[in-house]
file final.cif (mmCIF, N, CA and C atoms)
data_target
loop_
_atom_site.label_atom_id
_atom_site.label_comp_id
_atom_site.auth_asym_id
_atom_site.auth_seq_id
_atom_site.Cartn_x
_atom_site.Cartn_y
_atom_site.Cartn_z
N GLN A 1 0.17 20.07 -3.40
CA GLN A 1 0.09 18.96 -2.46
C GLN A 1 -0.59 17.78 -3.12
N VAL A 2 -0.04 16.61 -2.94
CA VAL A 2 -0.59 15.40 -3.53
C VAL A 2 -1.58 14.76 -2.56
N GLN A 3 -2.69 14.34 -3.08
CA GLN A 3 -3.68 13.60 -2.29
C GLN A 3 -3.65 12.14 -2.68
N LEU A 4 -3.60 11.27 -1.68
CA LEU A 4 -3.69 9.82 -1.89
C LEU A 4 -4.93 9.32 -1.17
N VAL A 5 -5.78 8.61 -1.90
CA VAL A 5 -7.03 8.13 -1.31
C VAL A 5 -7.11 6.62 -1.46
N GLU A 6 -7.11 5.94 -0.32
CA GLU A 6 -7.22 4.48 -0.33
C GLU A 6 -8.68 4.05 -0.33
N SER A 7 -8.93 2.88 -0.87
CA SER A 7 -10.24 2.26 -0.84
C SER A 7 -10.07 0.76 -0.95
N GLY A 8 -11.17 0.04 -0.69
CA GLY A 8 -11.15 -1.40 -0.86
C GLY A 8 -11.04 -2.20 0.41
N GLY A 9 -10.89 -1.54 1.53
CA GLY A 9 -10.84 -2.26 2.80
C GLY A 9 -12.21 -2.77 3.20
N GLY A 10 -12.23 -3.56 4.26
CA GLY A 10 -13.49 -4.09 4.74
C GLY A 10 -13.29 -5.27 5.65
N LEU A 11 -14.39 -5.97 5.90
CA LEU A 11 -14.39 -7.16 6.76
C LEU A 11 -14.44 -8.40 5.87
N VAL A 12 -13.54 -9.33 6.13
CA VAL A 12 -13.49 -10.55 5.32
C VAL A 12 -13.15 -11.72 6.22
N GLN A 13 -13.62 -12.89 5.86
CA GLN A 13 -13.27 -14.08 6.63
C GLN A 13 -11.85 -14.54 6.30
N GLY A 14 -11.25 -15.23 7.23
CA GLY A 14 -9.94 -15.79 6.98
C GLY A 14 -9.95 -16.66 5.73
N GLY A 15 -8.89 -16.52 4.92
CA GLY A 15 -8.82 -17.22 3.66
C GLY A 15 -9.37 -16.44 2.48
N GLY A 16 -10.04 -15.36 2.77
CA GLY A 16 -10.63 -14.53 1.73
C GLY A 16 -9.63 -13.58 1.10
N SER A 17 -10.14 -12.76 0.19
CA SER A 17 -9.30 -11.83 -0.56
C SER A 17 -9.89 -10.42 -0.56
N LEU A 18 -9.02 -9.46 -0.67
CA LEU A 18 -9.40 -8.06 -0.86
C LEU A 18 -8.38 -7.42 -1.80
N ARG A 19 -8.83 -6.40 -2.52
CA ARG A 19 -7.89 -5.61 -3.31
C ARG A 19 -8.01 -4.16 -2.88
N LEU A 20 -6.91 -3.63 -2.38
CA LEU A 20 -6.86 -2.22 -2.00
C LEU A 20 -6.41 -1.38 -3.19
N SER A 21 -6.96 -0.18 -3.27
CA SER A 21 -6.57 0.77 -4.29
C SER A 21 -6.13 2.07 -3.63
N CYS A 22 -5.21 2.75 -4.26
CA CYS A 22 -4.73 4.06 -3.79
C CYS A 22 -4.70 4.98 -5.00
N ALA A 23 -5.66 5.89 -5.04
CA ALA A 23 -5.76 6.81 -6.16
C ALA A 23 -5.05 8.12 -5.82
N ALA A 24 -4.19 8.54 -6.73
CA ALA A 24 -3.44 9.79 -6.53
C ALA A 24 -4.10 10.93 -7.28
N SER A 25 -3.89 12.13 -6.77
CA SER A 25 -4.52 13.31 -7.37
C SER A 25 -3.77 13.82 -8.59
N ARG A 26 -2.61 13.22 -8.85
CA ARG A 26 -1.88 13.59 -10.07
C ARG A 26 -1.11 12.39 -10.59
N ASN A 27 -0.43 12.57 -11.68
CA ASN A 27 0.34 11.50 -12.29
C ASN A 27 1.35 10.92 -11.31
N ILE A 28 1.40 9.59 -11.26
CA ILE A 28 2.26 8.93 -10.29
C ILE A 28 3.61 8.50 -10.84
N PHE A 29 3.86 8.81 -12.09
CA PHE A 29 5.09 8.31 -12.71
C PHE A 29 6.33 8.76 -11.96
N SER A 30 6.29 9.95 -11.37
CA SER A 30 7.48 10.48 -10.69
C SER A 30 7.70 9.87 -9.31
N PHE A 31 6.74 9.12 -8.83
CA PHE A 31 6.90 8.53 -7.50
C PHE A 31 7.78 7.27 -7.58
N ASN A 32 8.77 7.23 -6.72
CA ASN A 32 9.66 6.09 -6.72
C ASN A 32 10.40 5.96 -5.40
N PRO A 33 9.97 5.04 -4.51
CA PRO A 33 8.95 4.03 -4.78
C PRO A 33 7.55 4.45 -4.33
N MET A 34 6.61 3.55 -4.53
CA MET A 34 5.31 3.61 -3.88
C MET A 34 5.19 2.37 -2.99
N ALA A 35 4.38 2.50 -1.95
CA ALA A 35 4.38 1.41 -0.98
C ALA A 35 3.06 1.35 -0.22
N TRP A 36 2.85 0.21 0.40
CA TRP A 36 1.75 0.02 1.35
C TRP A 36 2.36 -0.27 2.73
N TYR A 37 1.83 0.41 3.73
CA TYR A 37 2.17 0.16 5.11
C TYR A 37 0.88 -0.27 5.84
N ARG A 38 1.06 -0.81 7.02
CA ARG A 38 -0.10 -1.13 7.86
C ARG A 38 0.24 -0.91 9.31
N GLN A 39 -0.81 -0.64 10.07
CA GLN A 39 -0.64 -0.46 11.51
C GLN A 39 -1.79 -1.14 12.24
N ALA A 40 -1.43 -2.12 13.04
CA ALA A 40 -2.41 -2.83 13.86
C ALA A 40 -2.49 -2.14 15.22
N PRO A 41 -3.60 -2.33 15.93
CA PRO A 41 -3.75 -1.69 17.24
C PRO A 41 -2.61 -2.06 18.18
N GLY A 42 -2.01 -1.05 18.78
CA GLY A 42 -0.95 -1.28 19.73
C GLY A 42 0.40 -1.60 19.12
N LYS A 43 0.48 -1.54 17.80
CA LYS A 43 1.74 -1.88 17.13
C LYS A 43 2.23 -0.71 16.30
N GLU A 44 3.49 -0.76 15.96
CA GLU A 44 4.05 0.29 15.11
C GLU A 44 3.67 0.05 13.64
N ARG A 45 3.68 1.12 12.89
CA ARG A 45 3.41 1.00 11.47
C ARG A 45 4.55 0.23 10.81
N GLU A 46 4.20 -0.71 9.94
CA GLU A 46 5.21 -1.51 9.27
C GLU A 46 5.02 -1.47 7.76
N LEU A 47 6.14 -1.60 7.07
CA LEU A 47 6.11 -1.67 5.62
C LEU A 47 5.62 -3.04 5.20
N VAL A 48 4.60 -3.07 4.37
CA VAL A 48 4.05 -4.33 3.88
C VAL A 48 4.64 -4.69 2.53
N ALA A 49 4.64 -3.73 1.61
CA ALA A 49 5.12 -3.99 0.26
C ALA A 49 5.53 -2.67 -0.38
N SER A 50 6.53 -2.73 -1.24
CA SER A 50 6.94 -1.55 -1.98
C SER A 50 7.20 -1.92 -3.43
N LEU A 51 7.12 -0.92 -4.28
CA LEU A 51 7.26 -1.13 -5.71
C LEU A 51 7.99 0.07 -6.31
N THR A 52 9.09 -0.19 -6.99
CA THR A 52 9.81 0.89 -7.64
C THR A 52 9.23 1.17 -9.02
N ARG A 53 9.62 2.28 -9.58
CA ARG A 53 9.17 2.64 -10.92
C ARG A 53 9.65 1.62 -11.94
N GLY A 54 10.77 0.98 -11.63
CA GLY A 54 11.31 -0.03 -12.54
C GLY A 54 10.72 -1.40 -12.35
N GLY A 55 9.79 -1.54 -11.39
CA GLY A 55 9.10 -2.81 -11.23
C GLY A 55 9.67 -3.73 -10.17
N ILE A 56 10.62 -3.26 -9.39
CA ILE A 56 11.19 -4.09 -8.33
C ILE A 56 10.27 -4.04 -7.11
N THR A 57 9.93 -5.23 -6.62
CA THR A 57 9.02 -5.33 -5.48
C THR A 57 9.76 -5.83 -4.24
N ASN A 58 9.20 -5.48 -3.11
CA ASN A 58 9.74 -5.94 -1.84
C ASN A 58 8.56 -6.17 -0.91
N TYR A 59 8.58 -7.31 -0.20
CA TYR A 59 7.48 -7.66 0.70
C TYR A 59 8.01 -8.04 2.08
N VAL A 60 7.24 -7.72 3.09
CA VAL A 60 7.55 -8.24 4.41
C VAL A 60 7.33 -9.75 4.38
N ASP A 61 8.11 -10.49 5.12
CA ASP A 61 8.08 -11.94 5.04
C ASP A 61 6.68 -12.52 5.29
N SER A 62 5.94 -11.91 6.18
CA SER A 62 4.65 -12.47 6.57
C SER A 62 3.60 -12.44 5.47
N VAL A 63 3.82 -11.67 4.40
CA VAL A 63 2.83 -11.61 3.32
C VAL A 63 3.34 -12.18 2.01
N LYS A 64 4.59 -12.59 1.97
CA LYS A 64 5.15 -13.13 0.73
C LYS A 64 4.33 -14.33 0.26
N GLY A 65 4.03 -14.33 -1.02
CA GLY A 65 3.24 -15.41 -1.61
C GLY A 65 1.74 -15.21 -1.49
N ARG A 66 1.33 -14.21 -0.72
CA ARG A 66 -0.11 -13.95 -0.54
C ARG A 66 -0.52 -12.57 -1.07
N PHE A 67 0.35 -11.58 -0.95
CA PHE A 67 0.04 -10.22 -1.39
C PHE A 67 0.83 -9.88 -2.65
N THR A 68 0.21 -9.05 -3.49
CA THR A 68 0.88 -8.57 -4.69
C THR A 68 0.64 -7.08 -4.85
N ILE A 69 1.73 -6.33 -4.97
CA ILE A 69 1.63 -4.88 -5.18
C ILE A 69 1.81 -4.59 -6.66
N SER A 70 1.04 -3.63 -7.15
CA SER A 70 1.16 -3.24 -8.55
C SER A 70 0.74 -1.78 -8.69
N ARG A 71 1.07 -1.21 -9.84
CA ARG A 71 0.69 0.19 -10.09
C ARG A 71 0.27 0.34 -11.53
N ASP A 72 -0.67 1.24 -11.75
CA ASP A 72 -1.13 1.57 -13.10
C ASP A 72 -0.89 3.06 -13.29
N ASN A 73 0.18 3.40 -13.97
CA ASN A 73 0.52 4.81 -14.14
C ASN A 73 -0.54 5.55 -14.94
N ASN A 74 -1.22 4.86 -15.84
CA ASN A 74 -2.25 5.51 -16.66
C ASN A 74 -3.46 5.90 -15.82
N LYS A 75 -3.72 5.13 -14.77
CA LYS A 75 -4.86 5.41 -13.90
C LYS A 75 -4.44 6.12 -12.61
N ASN A 76 -3.14 6.40 -12.50
CA ASN A 76 -2.61 7.07 -11.29
C ASN A 76 -3.00 6.32 -10.02
N THR A 77 -2.89 5.01 -10.07
CA THR A 77 -3.38 4.17 -8.97
C THR A 77 -2.38 3.08 -8.60
N LEU A 78 -2.24 2.89 -7.30
CA LEU A 78 -1.45 1.80 -6.73
C LEU A 78 -2.42 0.78 -6.17
N TYR A 79 -2.07 -0.51 -6.29
CA TYR A 79 -2.94 -1.57 -5.81
C TYR A 79 -2.20 -2.50 -4.85
N LEU A 80 -2.99 -3.18 -4.03
CA LEU A 80 -2.47 -4.27 -3.22
C LEU A 80 -3.50 -5.39 -3.25
N GLN A 81 -3.18 -6.45 -3.95
CA GLN A 81 -4.03 -7.63 -3.97
C GLN A 81 -3.64 -8.52 -2.80
N MET A 82 -4.61 -8.82 -1.96
CA MET A 82 -4.36 -9.59 -0.75
C MET A 82 -5.19 -10.87 -0.81
N ASN A 83 -4.50 -12.00 -0.86
CA ASN A 83 -5.16 -13.31 -0.91
C ASN A 83 -4.85 -14.11 0.35
N ASN A 84 -5.67 -15.12 0.60
CA ASN A 84 -5.47 -15.98 1.76
C ASN A 84 -5.25 -15.15 3.03
N LEU A 85 -6.14 -14.22 3.26
CA LEU A 85 -5.99 -13.32 4.39
C LEU A 85 -6.10 -14.06 5.72
N LYS A 86 -5.34 -13.56 6.69
CA LYS A 86 -5.29 -14.15 8.02
C LYS A 86 -5.70 -13.10 9.05
N PRO A 87 -6.18 -13.54 10.21
CA PRO A 87 -6.56 -12.56 11.25
C PRO A 87 -5.42 -11.59 11.59
N GLU A 88 -4.19 -12.06 11.52
CA GLU A 88 -3.06 -11.19 11.85
C GLU A 88 -2.79 -10.11 10.80
N ASP A 89 -3.51 -10.18 9.68
CA ASP A 89 -3.43 -9.11 8.68
C ASP A 89 -4.33 -7.93 9.03
N THR A 90 -5.13 -8.08 10.06
CA THR A 90 -6.03 -7.00 10.48
C THR A 90 -5.24 -5.76 10.87
N ALA A 91 -5.56 -4.64 10.23
CA ALA A 91 -4.84 -3.40 10.45
C ALA A 91 -5.45 -2.30 9.61
N VAL A 92 -5.00 -1.09 9.85
CA VAL A 92 -5.28 0.01 8.93
C VAL A 92 -4.14 0.04 7.92
N TYR A 93 -4.49 0.03 6.66
CA TYR A 93 -3.51 0.01 5.58
C TYR A 93 -3.38 1.41 4.97
N TYR A 94 -2.13 1.83 4.81
CA TYR A 94 -1.84 3.18 4.31
C TYR A 94 -1.02 3.10 3.02
N CYS A 95 -1.36 3.97 2.11
CA CYS A 95 -0.60 4.14 0.88
C CYS A 95 0.48 5.20 1.12
N ASN A 96 1.63 4.99 0.52
CA ASN A 96 2.73 5.94 0.65
C ASN A 96 3.39 6.14 -0.69
N ALA A 97 3.78 7.37 -0.96
CA ALA A 97 4.48 7.68 -2.22
C ALA A 97 5.60 8.66 -1.94
N MET A 98 6.74 8.42 -2.58
CA MET A 98 7.89 9.30 -2.42
C MET A 98 8.33 9.84 -3.76
N GLU A 99 8.58 11.12 -3.84
CA GLU A 99 9.12 11.69 -5.07
C GLU A 99 10.51 11.11 -5.30
N ALA A 100 10.77 10.68 -6.50
CA ALA A 100 12.03 10.02 -6.82
C ALA A 100 13.23 10.88 -6.42
N GLY A 101 14.09 10.32 -5.58
CA GLY A 101 15.30 11.01 -5.18
C GLY A 101 15.10 12.15 -4.20
N ARG A 102 13.88 12.31 -3.71
CA ARG A 102 13.57 13.42 -2.80
C ARG A 102 12.81 12.90 -1.59
N PRO A 103 13.51 12.24 -0.66
CA PRO A 103 12.82 11.62 0.49
C PRO A 103 12.10 12.61 1.39
N GLN A 104 12.42 13.89 1.26
CA GLN A 104 11.71 14.89 2.07
C GLN A 104 10.30 15.12 1.55
N TYR A 105 10.00 14.58 0.37
CA TYR A 105 8.66 14.69 -0.21
C TYR A 105 8.01 13.31 -0.23
N ARG A 106 7.40 12.97 0.89
CA ARG A 106 6.68 11.72 1.04
C ARG A 106 5.23 12.02 1.39
N TYR A 107 4.35 11.27 0.80
CA TYR A 107 2.93 11.51 0.98
C TYR A 107 2.24 10.26 1.51
N TRP A 108 1.19 10.50 2.33
CA TRP A 108 0.43 9.41 2.93
C TRP A 108 -1.05 9.57 2.63
N GLY A 109 -1.72 8.44 2.48
CA GLY A 109 -3.17 8.45 2.43
C GLY A 109 -3.74 8.43 3.83
N GLN A 110 -5.07 8.45 3.91
CA GLN A 110 -5.74 8.51 5.22
C GLN A 110 -5.91 7.13 5.83
N GLY A 111 -5.71 6.09 5.05
CA GLY A 111 -5.81 4.72 5.55
C GLY A 111 -7.16 4.09 5.27
N THR A 112 -7.13 2.77 5.17
CA THR A 112 -8.36 2.00 5.00
C THR A 112 -8.28 0.77 5.91
N GLN A 113 -9.37 0.49 6.61
CA GLN A 113 -9.38 -0.58 7.60
C GLN A 113 -9.59 -1.93 6.93
N VAL A 114 -8.76 -2.88 7.28
CA VAL A 114 -8.93 -4.27 6.87
C VAL A 114 -9.09 -5.11 8.13
N THR A 115 -10.19 -5.84 8.20
CA THR A 115 -10.45 -6.70 9.35
C THR A 115 -10.70 -8.12 8.86
N VAL A 116 -9.92 -9.05 9.37
CA VAL A 116 -10.03 -10.45 8.97
C VAL A 116 -10.52 -11.25 10.16
N SER A 117 -11.65 -11.91 9.99
CA SER A 117 -12.21 -12.72 11.08
C SER A 117 -11.72 -14.16 10.97
N SER A 118 -11.66 -14.80 12.12
CA SER A 118 -11.17 -16.18 12.14
C SER A 118 -12.30 -17.17 11.98
#

call {"tool": "encode", "arguments": {"input": "final.cif", "output": "structure tokens"}}
result
Amino acid sequence: QVQLVESGGGLVQGGGSLRLSCAASRNIFSFNPMAWYRQAPGKERELVASLTRGGITNYVDSVKGRFTISRDNNKNTLYLQMNNLKPEDTAVYYCNAMEAGRPQYRYWGQGTQVTVSS
């Protein structure tokens, strides 16, 4: 079983930045894609950003130009750099990883809270 552990969340003022990290318990090279999701109170979980092993990224429109997803295979870690944060970015952020070509093998982290004050 793969463990994903997120960190880097916290309270930040609007316009500020945070970098989330997702550390995996084993080599992440086989994961394709990896992604960040978020869930705000009373809302459904939504895909924020995804990254394929080949480097193709995808972002939800509301974060384009502000968030950047990246991965370091040597450190077994996925990142989400979040700049110019807005109150509407407040949510629990979850890391997700899927075994390449095997959608029945998807893993989730426990989540990290991001709160943006106005």

call {"tool": "closest_residue", "arguments": {"input": "final.cif", "among": "A:Ala100, A:Leu78, A:Val114, A:Val48", "to": "Phe31 in chain A", "atoms": "all atoms listed in the file"}}
result
A:Ala100

call {"tool": "resolve_selection", "arguments": {"input": "final.cif", "expression": "the PyMOL selection byres ((chain A and resi 96) around 7)", "output": "PDB file with N, CA and C atoms, in the frame of the given file"}}
result
ATOM      1  N   PRO A  33       9.970   5.040  -4.510  1.00  0.00           N
ATOM      2  CA  PRO A  33       8.950   4.030  -4.780  1.00  0.00           C
ATOM      3  C   PRO A  33       7.550   4.450  -4.330  1.00  0.00           C
ATOM      4  N   MET A  34       6.610   3.550  -4.530  1.00  0.00           N
ATOM      5  CA  MET A  34       5.310   3.610  -3.880  1.00  0.00           C
ATOM      6  C   MET A  34       5.190   2.370  -2.990  1.00  0.00           C
ATOM      7  N   ALA A  35       4.380   2.500  -1.950  1.00  0.00           N
ATOM      8  CA  ALA A  35       4.380   1.410  -0.980  1.00  0.00           C
ATOM      9  C   ALA A  35       3.060   1.350  -0.220  1.00  0.00           C
ATOM     10  N   TRP A  36       2.850   0.210   0.400  1.00  0.00           N
ATOM     11  CA  TRP A  36       1.750   0.020   1.350  1.00  0.00           C
ATOM     12  C   TRP A  36       2.360  -0.270   2.730  1.00  0.00           C
ATOM     13  N   TYR A  37       1.830   0.410   3.730  1.00  0.00           N
ATOM     14  CA  TYR A  37       2.170   0.160   5.110  1.00  0.00           C
ATOM     15  C   TYR A  37       0.880  -0.270   5.840  1.00  0.00           C
ATOM     16  N   TYR A  94      -2.130   1.830   4.810  1.00  0.00           N
ATOM     17  CA  TYR A  94      -1.840   3.180   4.310  1.00  0.00           C
ATOM     18  C   TYR A  94      -1.020   3.100   3.020  1.00  0.00           C
ATOM     19  N   CYS A  95      -1.360   3.970   2.110  1.00  0.00           N
ATOM     20  CA  CYS A  95      -0.600   4.140   0.880  1.00  0.00           C
ATOM     21  C   CYS A  95       0.480   5.200   1.120  1.00  0.00           C
ATOM     22  N   ALA A  97       3.780   7.370  -0.960  1.00  0.00           N
ATOM     23  CA  ALA A  97       4.480   7.680  -2.220  1.00  0.00           C
ATOM     24  C   ALA A  97       5.600   8.660  -1.940  1.00  0.00           C
ATOM     25  N   MET A  98       6.740   8.420  -2.580  1.00  0.00           N
ATOM     26  CA  MET A  98       7.890   9.300  -2.420  1.00  0.00           C
ATOM     27  C   MET A  98       8.330   9.840  -3.760  1.00  0.00           C
ATOM     28  N   ARG A 106       7.400  12.970   0.890  1.00  0.00           N
ATOM     29  CA  ARG A 106       6.680  11.720   1.040  1.00  0.00           C
ATOM     30  C   ARG A 106       5.230  12.020   1.390  1.00  0.00           C
ATOM     31  N   TYR A 107       4.350  11.270   0.800  1.00  0.00           N
ATOM     32  CA  TYR A 107       2.930  11.510   0.980  1.00  0.00           C
ATOM     33  C   TYR A 107       2.240  10.260   1.510  1.00  0.00           C
ATOM     34  N   TRP A 108       1.190  10.500   2.330  1.00  0.00           N
ATOM     35  CA  TRP A 108       0.430   9.410   2.930  1.00  0.00           C
ATOM     36  C   TRP A 108      -1.050   9.570   2.630  1.00  0.00           C
ATOM     37  N   GLY A 109      -1.720   8.440   2.480  1.00  0.00           N
ATOM     38  CA  GLY A 109      -3.170   8.450   2.430  1.00  0.00           C
ATOM     39  C   GLY A 109      -3.740   8.430   3.830  1.00  0.00           C
TER      40      GLY A 109
END

call {"tool": "residues_around", "arguments": {"input": "final.cif", "residues": "Ile28 in chain A", "least_positions_apart": "4", "cutoff": "8 Å", "atoms": "only N, CA and C atoms", "output": "number ranges by chain"}}
result
A: 24, 32, 72-77

call {"tool": "residues_near_point", "arguments": {"input": "final.cif", "point": "(-2.3, -9.1, -2.0)", "cutoff": "7 Å", "atoms": "all atoms listed in the file", "output": "VMD selection string"}}
result
chain A and resid 18 to 19 66 to 69 80 to 83

call {"tool": "closest_residue", "arguments": {"input": "final.cif", "among": "A:Thr90, A:Gln13, A:Ser118, A:Ser70", "to": "Gln39 in chain A", "atoms": "all atoms listed in the file"}}
result
A:Thr90

call {"tool": "atom_distance", "arguments": {"input": "final.cif", "atom1": "CA of Gly8 in chain A", "atom2": "CA of Glu99 in chain A"}}
result
24.5 Å

call {"tool": "closest_residue", "arguments": {"input": "final.cif", "among": "A:Ala49, A:Ile56, A:Val63, A:Ala23", "to": "Val2 in chain A", "atoms": "only C-alpha atoms"}}
result
A:Ala23

call {"tool": "closest_residue", "arguments": {"input": "final.cif", "among": "A:Tyr93, A:Gln1, A:Gln104, A:Asn84", "to": "Gly65 in chain A", "atoms": "all atoms listed in the file"}}
result
A:Asn84

call {"tool": "select_by_dssp", "arguments": {"input": "final.cif", "residues": "chain A", "states": "strand (DSSP E)", "output": "PyMOL selection string"}}
result
chain A and resi 4-7+10-13+18-24+31-39+46-51+57-59+67-72+77-82+91-99+102-108+112-117

call {"tool": "atom_distance", "arguments": {"input": "final.cif", "atom1": "atom C of Gly9 in chain A", "atom2": "atom C of Pro41 in chain A"}}
result
17.8 Å

call {"tool": "atom_distance", "arguments": {"input": "final.cif", "atom1": "CA of Arg26 in chain A", "atom2": "CA of Thr112 in chain A"}}
result
20.1 Å
